[in-house]
$ cat start_27.pdb   # PDB, C-alpha atoms
ATOM      1  CA  MET A   1       0.000   0.000   0.000
ATOM      2  CA  ALA A   2       1.220   3.477  -0.839
ATOM      3  CA  ASP A   3       1.658   6.277   1.697
ATOM      4  CA  LEU A   4       0.434   8.770  -0.893
ATOM      5  CA  ASP A   5      -1.826   8.317  -3.893
ATOM      6  CA  LEU A   6      -1.532  11.067  -6.469
ATOM      7  CA  ILE A   7      -4.649  11.291  -8.658
ATOM      8  CA  LEU A   8      -4.222  12.796 -12.131
ATOM      9  CA  PRO A   9      -7.404  13.096 -14.225
ATOM     10  CA  CYS A  10      -6.938  13.625 -17.951
ATOM     11  CA  TYR A  11      -8.889  14.093 -21.135
ATOM     12  CA  ASN A  12      -7.041  14.081 -24.465
ATOM     13  CA  PRO A  13      -3.708  14.943 -22.850
ATOM     14  CA  ALA A  14      -1.217  17.099 -24.719
ATOM     15  CA  SER A  15       1.887  15.708 -26.375
ATOM     16  CA  PHE A  16       4.645  14.619 -24.042
ATOM     17  CA  TRP A  17       2.180  14.235 -21.154
ATOM     18  CA  ALA A  18       3.897  11.063 -19.966
ATOM     19  CA  ASN A  19       7.316  12.727 -19.869
ATOM     20  CA  HIS A  20       5.828  15.637 -17.951
ATOM     21  CA  ILE A  21       4.385  13.275 -15.336
ATOM     22  CA  ILE A  22       7.692  11.430 -15.028
ATOM     23  CA  THR A  23       9.620  14.659 -14.484
ATOM     24  CA  ALA A  24       7.151  15.984 -11.902
ATOM     25  CA  VAL A  25       6.926  12.698  -9.977
ATOM     26  CA  GLN A  26      10.704  12.306  -9.973
ATOM     27  CA  CYS A  27      10.949  15.797  -8.472
ATOM     28  CA  ILE A  28       8.324  14.959  -5.823
ATOM     29  CA  HIS A  29      10.105  11.693  -5.033
ATOM     30  CA  GLU A  30      13.427  13.517  -4.609
ATOM     31  CA  LEU A  31      11.871  16.245  -2.452
ATOM     32  CA  LEU A  32      10.477  13.523  -0.185
ATOM     33  CA  ASN A  33      13.916  11.837  -0.156
ATOM     34  CA  GLY A  34      12.320   8.618  -1.400
ATOM     35  CA  GLU A  35      10.983   8.114   2.141
ATOM     36  CA  ILE A  36       7.416   7.283   1.180
ATOM     37  CA  ALA A  37       5.673   4.824  -1.088
ATOM     38  CA  LEU A  38       4.003   6.855  -3.814
ATOM     39  CA  ARG A  39       1.402   5.674  -6.310
ATOM     40  CA  VAL A  40       0.339   7.652  -9.364
ATOM     41  CA  ILE A  41      -3.231   7.071 -10.535
ATOM     42  CA  VAL A  42      -4.001   8.469 -13.990
ATOM     43  CA  VAL A  43      -7.716   8.566 -14.780
ATOM     44  CA  ASN A  44      -8.541   8.865 -18.468
ATOM     45  CA  ASP A  45     -11.915  10.611 -18.620
ATOM     46  CA  GLY A  46     -13.062   8.993 -21.870
ATOM     47  CA  SER A  47     -10.553  10.693 -24.186
ATOM     48  CA  SER A  48     -11.748  10.790 -27.767
ATOM     49  CA  ALA A  49      -8.352   9.599 -29.042
ATOM     50  CA  PRO A  50      -6.879   6.359 -27.724
ATOM     51  CA  MET A  51      -3.905   6.659 -25.410
ATOM     52  CA  ASN A  52      -0.574   5.743 -26.897
ATOM     53  CA  GLU A  53       0.422   2.408 -25.375
ATOM     54  CA  ALA A  54       4.075   3.497 -25.556
ATOM     55  CA  ASP A  55       3.283   6.364 -23.147
ATOM     56  CA  LEU A  56       1.734   3.949 -20.648
ATOM     57  CA  ILE A  57       4.716   1.603 -20.927
ATOM     58  CA  LEU A  58       7.065   4.552 -20.428
ATOM     59  CA  LEU A  59       5.206   5.564 -17.259
ATOM     60  CA  ARG A  60       5.293   2.029 -15.867
ATOM     61  CA  GLU A  61       9.032   1.770 -16.540
ATOM     62  CA  GLN A  62      10.234   5.263 -15.603
ATOM     63  CA  LEU A  63       8.168   6.380 -12.633
ATOM     64  CA  PRO A  64       9.839   6.108  -9.223
ATOM     65  CA  ALA A  65       6.391   5.089  -7.993
ATOM     66  CA  ASP A  66       3.661   2.547  -8.532
ATOM     67  CA  PHE A  67       1.437   3.388 -11.470
ATOM     68  CA  LEU A  68      -2.237   2.686 -12.045
ATOM     69  CA  TYR A  69      -4.017   3.640 -15.252
ATOM     70  CA  LEU A  70      -7.804   3.844 -15.165
ATOM     71  CA  TYR A  71     -10.058   4.385 -18.160
ATOM     72  CA  TYR A  72     -13.733   4.514 -18.954
ATOM     73  CA  PRO A  73     -15.102   5.017 -22.481
ATOM     74  CA  HIS A  74     -17.273   8.147 -22.196
ATOM     75  CA  ASN A  75     -16.276  11.596 -20.989
ATOM     76  CA  ARG A  76     -18.054  12.270 -17.698
ATOM     77  CA  GLY A  77     -16.241  15.385 -16.488
ATOM     78  CA  LYS A  78     -13.332  16.152 -14.224
ATOM     79  CA  GLY A  79     -15.342  15.759 -11.025
ATOM     80  CA  TYR A  80     -16.332  12.226 -11.978
ATOM     81  CA  ALA A  81     -12.742  11.395 -12.951
ATOM     82  CA  LEU A  82     -11.530  12.601  -9.556
ATOM     83  CA  ARG A  83     -14.147  10.580  -7.672
ATOM     84  CA  TYR A  84     -13.329   7.529  -9.802
ATOM     85  CA  GLY A  85      -9.635   7.844  -9.011
ATOM     86  CA  VAL A  86     -10.163   8.510  -5.315
ATOM     87  CA  ALA A  87     -12.408   5.426  -5.127
ATOM     88  CA  GLN A  88      -9.368   3.370  -6.194
ATOM     89  CA  SER A  89      -7.118   5.006  -3.626
ATOM     90  CA  ASN A  90      -6.245   3.069  -0.502
ATOM     91  CA  ALA A  91      -3.414   5.271   0.736
ATOM     92  CA  PRO A  92      -3.832   7.202   3.977
ATOM     93  CA  ILE A  93      -3.260  10.421   2.011
ATOM     94  CA  THR A  94      -4.644  11.259  -1.415
ATOM     95  CA  ILE A  95      -3.773  14.387  -3.371
ATOM     96  CA  TYR A  96      -5.048  15.320  -6.782
ATOM     97  CA  THR A  97      -3.869  17.812  -9.332
ATOM     98  CA  ASP A  98      -4.079  18.301 -13.069
ATOM     99  CA  ILE A  99      -2.029  16.141 -15.385
ATOM    100  CA  ASP A 100       0.077  19.148 -16.415
ATOM    101  CA  PHE A 101       1.057  19.800 -12.768
ATOM    102  CA  PRO A 102       0.094  23.488 -12.731
ATOM    103  CA  TYR A 103       1.280  23.795  -9.138
ATOM    104  CA  ASN A 104       4.887  23.721  -8.024
ATOM    105  CA  GLU A 105       6.084  20.288  -6.882
ATOM    106  CA  HIS A 106       7.498  21.913  -3.723
ATOM    107  CA  ASP A 107       3.970  23.076  -2.850
ATOM    108  CA  LEU A 108       2.557  19.592  -3.389
ATOM    109  CA  VAL A 109       5.181  18.165  -1.045
ATOM    110  CA  GLN A 110       4.325  20.841   1.517
ATOM    111  CA  LEU A 111       0.656  19.802   1.310
ATOM    112  CA  TYR A 112       1.661  16.178   1.811
ATOM    113  CA  ARG A 113       3.768  17.030   4.856
ATOM    114  CA  LEU A 114       0.909  18.991   6.455
ATOM    115  CA  LEU A 115      -1.423  16.040   5.998
ATOM    116  CA  ALA A 116       1.152  13.456   7.114
ATOM    117  CA  ALA A 117       1.890  15.446  10.275
ATOM    118  CA  GLN A 118      -1.873  15.542  10.904
ATOM    119  CA  LYS A 119      -1.788  19.331  11.072
ATOM    120  CA  ALA A 120      -4.814  19.380   8.772
ATOM    121  CA  ASP A 121      -7.481  16.988   7.520
ATOM    122  CA  ILE A 122      -7.959  18.796   4.216
ATOM    123  CA  VAL A 123      -5.684  21.194   2.349
ATOM    124  CA  ALA A 124      -6.364  23.153  -0.817
ATOM    125  CA  GLY A 125      -4.103  24.930  -3.237
ATOM    126  CA  ILE A 126      -4.777  28.558  -3.990
ATOM    127  CA  LYS A 127      -3.983  30.042  -7.364
ATOM    128  CA  ASN A 128      -1.840  33.081  -6.690
ATOM    129  CA  LYS A 129       0.465  35.198  -8.888
ATOM    130  CA  ASN A 130       3.091  32.431  -8.970
ATOM    131  CA  TYR A 131       0.533  29.996 -10.409
ATOM    132  CA  TYR A 132      -0.445  32.381 -13.188
ATOM    133  CA  ALA A 133       3.209  33.006 -14.109
ATOM    134  CA  GLN A 134       3.551  29.330 -15.103
ATOM    135  CA  VAL A 135       0.474  28.727 -17.279
ATOM    136  CA  PRO A 136      -0.615  29.691 -20.815
ATOM    137  CA  ARG A 137      -2.710  32.838 -21.324
ATOM    138  CA  LEU A 138      -5.819  30.873 -22.305
ATOM    139  CA  ARG A 139      -5.686  28.914 -19.053
ATOM    140  CA  ILE A 140      -5.269  32.175 -17.117
ATOM    141  CA  PHE A 141      -8.370  33.598 -18.795
ATOM    142  CA  ILE A 142     -10.431  30.462 -18.177
ATOM    143  CA  SER A 143      -9.328  30.196 -14.554
ATOM    144  CA  ARG A 144     -10.036  33.845 -13.770
ATOM    145  CA  PHE A 145     -13.370  33.695 -15.583
ATOM    146  CA  LEU A 146     -14.433  30.626 -13.587
ATOM    147  CA  ARG A 147     -13.352  32.270 -10.326
ATOM    148  CA  TRP A 148     -15.437  35.323 -11.294
ATOM    149  CA  LEU A 149     -18.453  33.083 -12.021
ATOM    150  CA  ILE A 150     -18.102  31.392  -8.647
ATOM    151  CA  ARG A 151     -18.088  34.780  -6.892
ATOM    152  CA  VAL A 152     -21.135  35.969  -8.858
ATOM    153  CA  PHE A 153     -23.211  32.865  -8.273
TER     154      PHE A 153
END
$ encode --input "start_27.pdb" --output "structure tokens"
Amino acid sequence: MADLDLILPCYNPASFWANHIITAVQCIHELLNGEIALRVIVVNDGSSAPMNEADLILLREQLPADFLYLYYPHNRGKGYALRYGVAQSNAPITIYTDIDFPYNEHDLVQLYRLLAAQKADIVAGIKNKNYYAQVPRLRIFISRFLRWLIRVF
């Protein structure tokens, strides 16, 4: 059993998504000094294009963690993908983020440490100026628009 399950929902992931996951998870593993058992759970939310089997093989071979790939045939939304992945989790701590790791790996490790030290039951990332410095303009617009909608409604 893993100490930490990392849930990564995806839908039609961009090119080089597997390499991006490997790099991010290697960084997380190093930041945690390899002290914990980590499992990566990728949930494919019914992508319209089939996943490249070579990417899945690469993840299984290169991740410094266990790897579980989940798939269902029809897109059901990110919320469903998260619930589906969490339902497969059996680690004492579960963290989810987007497949492109929009948050800094150092921040993810800090969240893990807060939860592991039982200083919190739930932690949430907040999108601040540092977050927006790392993402494409379209994602910035969408994120800010959604935050505005949430405030309005």
$ resolve_selection --input "start_27.pdb" --expression "the PyMOL selection byres ((chain A and resi 123) around 9)" --output "compact mmCIF listing (two decimals) with C-alpha atoms, in the frame of the given file"
# COMPACT_ATOMS: atom_id res chain seq x y z
CA LEU A 111 0.66 19.80 1.31
CA TYR A 112 1.66 16.18 1.81
CA LEU A 114 0.91 18.99 6.46
CA LEU A 115 -1.42 16.04 6.00
CA ALA A 120 -4.81 19.38 8.77
CA ASP A 121 -7.48 16.99 7.52
CA ILE A 122 -7.96 18.80 4.22
CA ALA A 124 -6.36 23.15 -0.82
CA GLY A 125 -4.10 24.93 -3.24
$ closest_residue --input "start_27.pdb" --among "A:Ala65, A:Leu108, A:Leu8, A:Leu146" --to "Ile36 of chain A" --atoms "all atoms listed in the file"
A:Ala65
$ closest_residue --input "start_27.pdb" --among "A:Val25, A:Met51, A:Ala116, A:Ala18" --to "Leu70 of chain A" --atoms "only C-alpha atoms"
A:Met51
$ residues_around --input "start_27.pdb" --residues "Ser89 of chain A" --least-positions-apart "2" --cutoff "12 Å" --atoms "only C-alpha atoms" --output "list of chain:residue names"
A:Met1, A:Ala2, A:Asp3, A:Leu4, A:Asp5, A:Leu6, A:Ile7, A:Leu8, A:Leu38, A:Arg39, A:Val40, A:Ile41, A:Val42, A:Val43, A:Phe67, A:Leu68, A:Leu70, A:Leu82, A:Arg83, A:Tyr84, A:Gly85, A:Val86, A:Ala87, A:Ala91, A:Pro92, A:Ile93, A:Thr94, A:Ile95, A:Tyr96
$ resolve_selection --input "start_27.pdb" --expression "the PyMOL selection byres ((chain A and resi 16) around 12)" --output "PyMOL selection string"
chain A and resi 12-15+17-23+51-52+54-56+58-59+99-100
$ atom_distance --input "start_27.pdb" --atom1 "atom CA of Tyr72 of chain A" --atom2 "atom CA of Gln88 of chain A"
13.5 Å
$ closest_residue --input "start_27.pdb" --among "A:Asn44, A:Ala37, A:Asn104, A:Arg147" --to "Tyr69 of chain A" --atoms "all atoms listed in the file"
A:Asn44
$ residues_around --input "start_27.pdb" --residues "Lys78 of chain A" --least-positions-apart "3" --cutoff "8 Å" --atoms "all atoms listed in the file" --output "list in words"
Pro9, Cys10, Asp45, Ala81 and Leu82 of chain A
$ axis_aligned_box --input "start_27.pdb" --around "segment 48-63 of chain A" --padding-each-side "5 Å" --output "JSON"
{"center_x": -0.8, "center_y": 6.2, "center_z": -20.8, "size_x": 32.0, "size_y": 19.2, "size_z": 26.4}
$ closest_residue --input "start_27.pdb" --among "A:Gly34, A:Gln26, A:Ser47, A:Trp148" --to "Gly77 of chain A" --atoms "only C-alpha atoms"
A:Ser47
$ atom_distance --input "start_27.pdb" --atom1 "atom CA of Tyr71 of chain A" --atom2 "atom CA of Cys27 of chain A"
25.8 Å
$ atom_distance --input "start_27.pdb" --atom1 "atom CA of Ile28 of chain A" --atom2 "atom CA of Tyr103 of chain A"
11.8 Å
